[in-house]
file start14.txt (compact mmCIF, C-alpha atoms)
# COMPACT_ATOMS: atom_id res chain seq x y z
CA MET R 395 43.74 137.59 78.83
CA LEU R 396 42.95 141.02 80.25
CA ALA R 397 39.45 142.41 79.88
CA VAL R 398 39.05 146.04 78.93
CA GLY R 399 39.94 148.20 81.92
CA ASP R 400 41.65 145.38 83.84
CA SER R 401 45.25 145.41 84.98
CA THR R 402 47.85 142.93 86.16
CA THR R 403 51.46 142.87 87.23
CA LEU R 404 54.39 141.46 85.32
CA GLU R 405 57.30 140.36 87.48
CA ILE R 406 60.70 140.83 85.90
CA ILE R 407 63.53 138.88 87.52
CA PHE R 408 67.04 140.06 86.82
CA SER R 409 69.88 137.72 87.65
CA THR R 410 72.87 139.98 88.21
CA LYS R 411 75.40 137.12 87.83
CA ARG R 412 78.87 138.51 87.12
CA TYR R 413 77.65 141.76 85.52
CA ARG R 414 79.51 144.87 86.57
CA GLY R 415 78.58 148.55 86.65
CA ASP R 416 75.61 150.05 84.84
CA SER R 417 73.43 147.41 83.22
CA ARG R 418 70.28 147.96 81.24
CA LYS R 419 67.79 145.32 80.09
CA ARG R 420 64.71 145.75 77.90
CA PRO R 421 62.38 142.74 78.03
CA LYS R 422 59.89 142.77 75.14
CA ILE R 423 56.15 142.24 75.66
CA GLN R 424 54.21 140.84 72.70
CA THR R 425 50.43 141.18 72.78
CA ASN R 426 47.50 140.90 70.39
CA GLU R 427 47.74 144.68 70.00
CA GLY R 428 50.31 143.91 67.33
CA PRO R 429 53.42 145.87 66.42
CA PRO R 430 55.21 147.88 67.59
CA ASP R 431 56.04 145.64 70.59
CA LYS R 432 56.13 147.23 74.00
CA PHE R 433 59.15 147.18 76.29
CA VAL R 434 59.93 147.65 79.94
CA THR R 435 63.36 148.86 80.95
CA ILE R 436 65.32 147.93 84.04
CA ILE R 437 68.51 149.68 85.05
CA ALA R 438 70.92 148.47 87.71
CA ASN R 439 74.33 149.48 88.95
CA ILE R 440 75.88 146.15 89.87
CA VAL R 441 78.61 146.39 92.44
CA GLN R 442 81.44 143.91 92.91
CA ARG R 443 82.13 145.05 96.45
CA PRO R 444 78.74 145.62 98.10
CA ASP R 445 80.50 145.86 101.46
CA SER R 446 82.09 149.17 100.47
CA THR R 447 79.35 151.25 98.87
CA TYR R 448 78.57 154.95 99.35
CA PRO R 449 76.76 156.74 101.02
CA ILE R 450 75.58 153.65 102.91
CA ILE R 451 76.77 150.11 103.50
CA ILE R 452 74.18 147.40 103.99
CA ASN R 453 75.12 144.37 106.05
CA PRO R 454 74.24 141.73 104.99
CA TYR R 455 73.79 143.14 101.49
CA LYS R 456 71.64 140.19 100.50
CA ILE R 457 69.24 138.46 102.83
CA ASP R 458 68.80 134.71 102.96
CA MET R 459 65.65 133.66 104.81
CA SER R 460 65.91 130.01 103.87
CA GLN R 461 64.39 127.46 106.19
CA PHE R 462 65.60 123.85 106.31
CA THR R 463 64.20 122.80 109.67
CA ASP R 464 60.90 123.11 111.50
CA LYS R 465 62.00 126.37 113.02
CA VAL R 466 59.94 129.03 111.25
CA ILE R 467 62.03 131.90 109.97
CA LYS R 468 59.80 134.88 109.40
CA LYS R 469 62.05 137.80 110.33
CA ALA R 470 65.52 138.90 109.31
CA LYS R 471 67.49 141.86 110.52
CA PHE R 472 70.09 143.83 108.64
CA LYS R 473 72.20 146.88 109.38
CA ILE R 474 72.62 150.10 107.46
CA THR R 475 75.65 152.29 108.09
CA ASN R 476 75.76 155.88 106.93
CA VAL R 477 79.35 156.34 105.73
CA SER R 478 78.76 159.87 104.44
CA ASP R 479 79.11 163.13 106.35
CA GLN R 480 75.46 164.10 106.08
CA LYS R 481 72.25 162.93 107.66
CA LEU R 482 70.38 160.69 105.22
CA LYS R 483 66.64 160.25 104.92
CA LEU R 484 65.47 156.89 103.59
CA THR R 485 62.41 156.31 101.44
CA MET R 486 61.05 152.96 100.30
CA VAL R 487 60.72 152.91 96.51
CA ALA R 488 59.49 149.40 95.77
CA LEU R 489 58.77 146.23 97.69
CA PRO R 490 56.83 143.06 96.88
CA GLU R 491 53.23 143.99 97.65
CA GLY R 492 51.54 141.95 100.34
CA LEU R 493 54.45 139.54 100.81
CA MET R 494 56.53 141.29 103.41
CA LYS R 495 56.95 144.35 105.55
CA ILE R 496 60.20 146.24 105.76
CA LYS R 497 61.01 148.32 108.81
CA LEU R 498 63.42 150.98 107.66
CA PRO R 499 64.73 153.83 109.77
CA LYS R 500 63.43 157.24 108.66
CA SER R 501 66.92 158.69 108.75
CA ILE R 502 70.49 157.84 109.70
CA ASP R 503 72.96 160.29 111.19
CA PRO R 504 76.45 160.47 109.68
CA GLY R 505 78.71 157.67 110.84
CA LYS R 506 75.85 155.83 112.58
CA THR R 507 74.61 152.29 112.08
CA VAL R 508 70.95 151.43 112.45
CA GLU R 509 69.04 148.19 112.32
CA ALA R 510 66.29 147.40 109.83
CA GLU R 511 64.01 144.39 109.57
CA VAL R 512 62.24 142.23 107.00
CA LYS R 513 59.10 140.48 108.22
CA LEU R 514 57.41 137.96 105.93
CA HIS R 515 53.65 137.78 105.62
CA LYS R 516 52.31 134.55 107.16
CA ASP R 517 50.78 133.40 103.85
CA ILE R 518 54.17 133.02 102.16
CA LEU R 519 56.06 131.28 104.95
CA GLY R 520 55.70 127.93 103.18
CA GLU R 521 57.03 129.23 99.86
CA SER R 522 60.43 129.49 98.24
CA PHE R 523 61.13 132.69 96.32
CA HIS R 524 63.54 135.34 95.14
CA LYS R 525 62.34 138.90 95.77
CA SER R 526 63.93 142.25 96.44
CA PHE R 527 63.14 145.69 97.75
CA THR R 528 64.50 149.07 96.76
CA PHE R 529 64.95 152.22 98.80
CA GLU R 530 66.37 155.65 98.13
CA MET R 531 68.38 158.23 100.01
CA ASP R 532 67.97 162.00 99.89
CA ASP R 533 71.63 162.71 99.03
CA ALA R 534 72.54 164.78 95.97
CA ASP R 535 72.62 161.68 93.73
CA LYS R 536 69.36 160.28 95.13
CA SER R 537 71.27 157.03 95.66
CA ARG R 538 69.19 153.87 95.42
CA PHE R 539 69.93 150.45 96.81
CA THR R 540 68.23 147.14 96.10
CA VAL R 541 68.44 144.32 98.62
CA PRO R 542 67.79 140.79 97.32
CA ILE R 543 65.85 138.39 99.53
CA LYS R 544 66.08 134.67 98.94
CA ARG R 545 63.98 132.03 100.65
CA THR R 546 64.18 128.28 100.15
CA VAL R 547 61.88 126.09 102.21
CA LYS R 548 62.70 122.40 102.60
CA ASN R 549 61.79 119.60 105.00
CA MET R 550 58.96 121.45 106.70
CA THR R 551 56.66 119.08 108.54
CA LYS R 552 52.90 119.56 108.42
CA LYS R 553 53.00 120.75 112.02
CA ALA R 554 55.55 123.40 111.19
CA GLY R 555 53.59 124.31 108.08
CA LYS R 556 50.43 124.90 110.11
CA LYS R 557 52.43 126.91 112.59
CA ALA R 558 53.82 128.97 109.76
CA GLY R 559 50.30 129.80 108.64
CA LYS R 560 50.00 128.16 105.28
CA LEU R 561 51.94 125.39 103.59
CA THR R 562 51.25 125.88 99.90
CA GLY R 563 47.64 124.79 100.36
CA LYS R 564 48.46 121.09 101.01
CA MET C 125 8.56 148.73 37.76
CA GLU C 126 10.28 145.62 39.08
CA LYS C 127 12.95 145.98 36.41
CA VAL C 128 13.64 149.58 37.46
CA ALA C 129 14.04 148.47 41.06
CA THR C 130 16.47 145.73 40.07
CA GLU C 131 18.49 148.19 37.95
CA THR C 132 18.62 150.64 40.87
CA MET C 133 19.78 147.86 43.20
CA LYS C 134 22.50 146.89 40.73
CA LYS C 135 23.71 150.51 40.63
CA LEU C 136 23.62 150.85 44.41
CA LEU C 137 25.25 147.49 45.17
CA PRO C 138 28.92 148.61 44.83
CA ALA C 139 28.22 151.68 46.98
CA LEU C 140 26.49 149.55 49.61
CA LEU C 141 29.33 147.03 49.60
CA THR C 142 31.89 149.82 49.99
CA LEU C 143 29.89 151.29 52.85
CA ALA C 144 29.69 147.89 54.57
CA LEU C 145 33.45 147.42 54.18
CA VAL C 146 34.17 150.87 55.59
CA LEU C 147 31.89 150.17 58.57
CA LEU C 148 33.58 146.80 59.15
CA LEU C 149 37.03 148.38 59.06
CA ALA C 150 35.93 151.23 61.31
CA THR C 151 34.53 148.74 63.83
CA SER C 152 37.70 146.65 63.84
CA VAL C 153 39.84 149.76 64.29
CA MET C 154 37.62 151.04 67.09
CA SER C 155 37.78 147.75 69.04
CA ALA C 156 41.53 147.40 69.15
CA PRO C 157 43.29 146.04 72.24
CA ARG C 158 45.82 148.36 73.80
CA LEU C 159 48.53 147.78 76.39
CA THR C 160 49.45 150.69 78.64
CA ILE C 161 52.42 150.48 81.00
CA PRO C 162 52.19 153.43 83.40
CA GLU C 163 55.76 153.01 84.65
CA ALA C 164 57.76 151.31 81.91
CA SER C 165 61.18 151.88 83.46
CA PHE C 166 62.63 150.99 86.84
CA ASN C 167 65.99 151.84 88.34
CA PHE C 168 67.25 149.35 90.95
CA GLY C 169 70.23 151.52 91.85
CA TYR C 170 73.10 149.69 93.51
CA CYS C 171 72.72 145.94 93.81
CA PRO C 172 75.12 143.06 94.46
CA GLN C 173 76.48 140.54 91.95
CA ASN C 174 75.26 136.94 91.89
CA SER C 175 71.78 137.68 93.12
CA LYS C 176 68.26 137.85 91.76
CA ILE C 177 66.42 141.14 91.96
CA THR C 178 62.80 141.59 90.98
CA HIS C 179 60.35 144.30 90.05
CA ASP C 180 56.61 144.22 89.34
CA PHE C 181 55.46 146.32 86.39
CA TRP C 182 51.77 147.20 86.09
CA LEU C 183 50.18 146.31 82.75
CA MET C 184 46.81 147.86 81.91
CA SER C 185 44.33 146.95 79.22
CA THR C 186 43.18 150.35 77.97
CA GLY C 187 41.84 149.47 74.51
CA ASP C 188 38.33 148.60 73.35
CA ASP C 189 38.98 144.87 73.11
CA SER C 190 40.45 142.23 75.44
CA LEU C 191 44.23 142.19 75.65
CA LYS C 192 46.19 138.96 75.32
CA ILE C 193 49.78 138.87 76.52
CA LEU C 194 51.36 136.46 74.07
CA LYS C 195 55.00 136.42 75.04
CA VAL C 196 57.57 138.14 77.22
CA LEU C 197 61.06 137.93 75.80
CA PRO C 198 64.16 138.72 77.85
CA GLY C 199 66.00 141.85 76.82
call {"tool": "encode", "arguments": {"input": "start14.txt", "output": "structure tokens"}}
result
Amino acid sequence: MLAVGDSTTLEIIFSTKRYRGDSRKRPKIQTNEGPPDKFVTIIANIVQRPDSTYPIIINPYKIDMSQFTDKVIKKAKFKITNVSDQKLKLTMVALPEGLMKIKLPKSIDPGKTVEAEVKLHKDILGESFHKSFTFEMDDADKSRFTVPIKRTVKNMTKKAGKKAGKLTGK
Amino acid sequence: MEKVATETMKKLLPALLTLALVLLLATSVMSAPRLTIPEASFNFGYCPQNSKITHDFWLMSTGDDSLKILKVLPG
């Protein structure tokens, strides 16, 4: 229930499975406003070979921050290689608000590889989730890339949970 | 005198009822819930197979009555 003037977020999770190429989904939202129903649209270009994309290659192209021991995993690094012949500027388009920080380089020279970093907020270190972030390049196509982040937390002791910051409030 | 008043009331009753109905309808139309989605489309760009990608859409209640989200159906 949303009072007049209030707002909320609706998280749409898209499982890319074995889809290929351009995919479009239109989840329908039914409310007490009545018909016509409202829709949101998501568009994705699902690649079979994420290790050979253009103008950049992201390695690893999906980030697993799962934690199965007491060792707290709160950071992950990944590399971005500019495989084009022009300098590329990177802009963050979307990331899960308040859950993580992404350190992206401002630009990458042609042929160069730079390191980027995901740092989780301490409040979500005890949680398992699937999230992603999206950034864009300034090439002619305004190429966008989305990097999935998966985290599964198992067998964390209370001590490790306290160290992590918060362990799901228990 | 009382009879005249009763007759007048009888004549006015349909008009009064119609007016009440119109007011009721106008009120219900005025206090309609409304969902506004400022950014109803999102492009993920390139993304790998066999992974889960997510996006948060903002939903705003911009009507004159509370908004209930009843169901979200996959597309």
call {"tool": "interface_residues", "arguments": {"input": "start14.txt", "of": "chain C", "to": "chain R", "cutoff": "6 Å", "atoms": "all atoms listed in the file", "output": "PyMOL selection string"}}
result
chain C and resi 157-158+164-186+189-199
call {"tool": "atom_distance", "arguments": {"input": "start14.txt", "atom1": "CA of Ile450 in chain R", "atom2": "CA of Lys500 in chain R"}}
result
13.9 Å
call {"tool": "atom_distance", "arguments": {"input": "start14.txt", "atom1": "CA of Asp533 in chain R", "atom2": "CA of Thr507 in chain R"}}
result
17.0 Å
call {"tool": "atom_distance", "arguments": {"input": "start14.txt", "atom1": "CA of Pro449 in chain R", "atom2": "CA of Lys469 in chain R"}}
result
25.7 Å
call {"tool": "residues_around", "arguments": {"input": "start14.txt", "residues": "Ile452 in chain R", "least_positions_apart": "2", "cutoff": "6 Å", "atoms": "only C-alpha atoms", "output": "short mmCIF file (atom, residue, chain, number, x, y, z; two decimals) with C-alpha atoms, in the frame of the given file"}}
result
data_model
loop_
_atom_site.label_atom_id
_atom_site.label_comp_id
_atom_site.auth_asym_id
_atom_site.auth_seq_id
_atom_site.Cartn_x
_atom_site.Cartn_y
_atom_site.Cartn_z
CA PRO R 454 74.24 141.73 104.99
CA TYR R 455 73.79 143.14 101.49
CA LYS R 473 72.20 146.88 109.38
CA ILE R 474 72.62 150.10 107.46
#
call {"tool": "residues_around", "arguments": {"input": "start14.txt", "residues": "Phe472 in chain R", "least_positions_apart": "3", "cutoff": "9 Å", "atoms": "only C-alpha atoms", "output": "PyMOL selection string"}}
result
chain R and resi 452-455+457+508-512
call {"tool": "closest_residue", "arguments": {"input": "start14.txt", "among": "R:Asp464, R:Lys483, R:Ala470, R:Met531", "to": "Arg545 in chain R", "atoms": "all atoms listed in the file"}}
result
R:Ala470
call {"tool": "build_atoms", "arguments": {"input": "start14.txt", "residues": "range 415-426 of chain R", "atoms": "N, CA, C and O atoms", "output": "tab-separated table (two decimals), in the coordinates of the input"}}
result
chain	number	residue	atom	x	y	z
R	415	GLY	N	78.92	147.18	87.01
R	415	GLY	CA	78.58	148.55	86.65
R	415	GLY	C	77.16	148.70	86.13
R	415	GLY	O	76.29	147.89	86.43
R	416	ASP	N	76.96	149.76	85.33
R	416	ASP	CA	75.61	150.05	84.84
R	416	ASP	C	75.15	148.99	83.85
R	416	ASP	O	75.83	148.71	82.87
R	417	SER	N	74.01	148.41	84.12
R	417	SER	CA	73.43	147.41	83.22
R	417	SER	C	72.00	147.82	82.92
R	417	SER	O	71.29	148.32	83.79
R	418	ARG	N	71.62	147.59	81.67
R	418	ARG	CA	70.28	147.96	81.24
R	418	ARG	C	69.69	146.79	80.47
R	418	ARG	O	70.36	146.22	79.61
R	419	LYS	N	68.47	146.42	80.80
R	419	LYS	CA	67.79	145.32	80.09
R	419	LYS	C	66.43	145.81	79.62
R	419	LYS	O	65.78	146.61	80.32
R	420	ARG	N	66.01	145.32	78.46
R	420	ARG	CA	64.71	145.75	77.90
R	420	ARG	C	63.90	144.53	77.48
R	420	ARG	O	63.85	144.17	76.29
R	421	PRO	N	63.25	143.86	78.43
R	421	PRO	CA	62.38	142.74	78.03
R	421	PRO	C	61.24	143.24	77.13
R	421	PRO	O	60.70	144.33	77.35
R	422	LYS	N	60.92	142.40	76.13
R	422	LYS	CA	59.89	142.77	75.14
R	422	LYS	C	58.58	142.07	75.48
R	422	LYS	O	58.56	140.89	75.81
R	423	ILE	N	57.48	142.81	75.37
R	423	ILE	CA	56.15	142.24	75.66
R	423	ILE	C	55.36	142.20	74.36
R	423	ILE	O	55.10	143.24	73.75
R	424	GLN	N	55.01	140.99	73.91
R	424	GLN	CA	54.21	140.84	72.70
R	424	GLN	C	52.75	140.58	73.09
R	424	GLN	O	52.47	139.71	73.92
R	425	THR	N	51.86	141.34	72.49
R	425	THR	CA	50.43	141.18	72.78
R	425	THR	C	49.64	141.11	71.46
R	425	THR	O	50.22	141.29	70.38
R	426	ASN	N	48.34	140.91	71.59
R	426	ASN	CA	47.50	140.90	70.39
R	426	ASN	C	47.21	142.31	69.88
R	426	ASN	O	46.46	142.49	68.93
